[in-house]
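These notes are about the structure you will find just below.
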Amino acid sequence: QVHLVESGGGVVQPGGSLTLSCEVSGDAFKINAMGWYRQAPGKGRESREWVATITTGGATNVRDSVRGRFTISRNDARDRVYLQMDSLQPEDTAVYYCNDPRGYWGQGIQVTVSS
């Protein structure tokens, strides 16, 4: 069993920054790739979109719409995955979810970008 807990969300003005954190517990975190997804307001789970992935070796990939603005990283010593979000735009407003590809999800955390 894997337990994921996100933190660090909130309200920010356009152009601002936030850092999301995902604390992983309950299993061998260090052997898994991890990812971030997001779900826009008013949309169902089927619309949840991939944002970023980091492998166990530290290789990263992000979706085109956030490339150059979002950075994913991990700290194996602390069992945490991070999503640094810069130059945030209103279209980044969503609930962000931490994901273990074996099918585990966090509870989600709200990010709102608004002036």
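Every chain in the structure tokens takes a letter, A first, then B, and so on in the order presented; its residues are numbered from 1, and the ligands are numbered from 1 following the presented order.
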Fill in: Shell around Gly35 in chain A at 7 Å using only C-alpha atoms, local window under 3 positions removed, as an MDAnalysis selection string
chainID A and resid 52:54 98:100
Item to complete: Can you pull out every residue within 8 Å of Ser17 in chain A, counting only C-alpha atoms, but drop anything in the same chain fewer than 3 positions away, and send it as a PyMOL selection string?
Response: chain A and resi 12+84-88
Residues as selected, C-alpha atoms, written as a PDB file, in the first residue's frame, can you do that?
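Wrote out-v8.pdb, looks like this:
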ATOM      1  CA  VAL A  12      -1.461  33.133  -6.486  1.00  0.00           C
ATOM      2  CA  GLN A  84       8.024  23.877  -8.793  1.00  0.00           C
ATOM      3  CA  MET A  85       5.602  26.074 -10.733  1.00  0.00           C
ATOM      4  CA  ASP A  86       6.749  29.457 -12.025  1.00  0.00           C
ATOM      5  CA  SER A  87       5.094  32.053 -14.252  1.00  0.00           C
ATOM      6  CA  LEU A  88       1.711  30.653 -13.331  1.00  0.00           C
TER       7      LEU A  88
END
Worksheet item: Residues at most 12 Å from Val81 in chain A, counting only C-alpha atoms, excluding those fewer than 5 positions away in the same chain, as a PyMOL selection string?
Response: chain A and resi 4-8+19-25+29-30+32-36+52-56+58+60+71-76+97-100+106
Discussion item. So that I can check the secondary structure, give me every residue of chain A assigned strand (DSSP E) by backbone DSSP, as a VMD selection string.
Written reply: chain A and resid 3 to 7 10 to 12 18 to 25 34 to 39 49 to 54 60 to 62 70 to 75 80 to 85 94 to 100 104 to 105 109 to 113
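Across A:Val51, A:Val113, A:Glu46, A:Gly57, the tightest approach to Asp92 in chain A is made by A:Val113 when counting only C-alpha atoms.
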Item to complete: May I have the residues within 9 Å of Gly10 in chain A as a ChimeraX atom specification, using only C-alpha atoms and disregarding those fewer than 3 positions away in the same chain?
Response: /A:18,109-113
Item to complete: Tell me, as number ranges by chain, which residues lie within 8 Å of Arg48 in chain A, counting only C-alpha atoms; anything in the same chain fewer than 3 positions away does not count.
Response: A: 37-40, 44-45
Worksheet item: Looking at A:Tyr82, A:Trp105, A:Phe70, A:Tyr96, which one is nearest to Gly9 in chain A, with distances taken over only C-alpha atoms?
Response: A:Tyr96
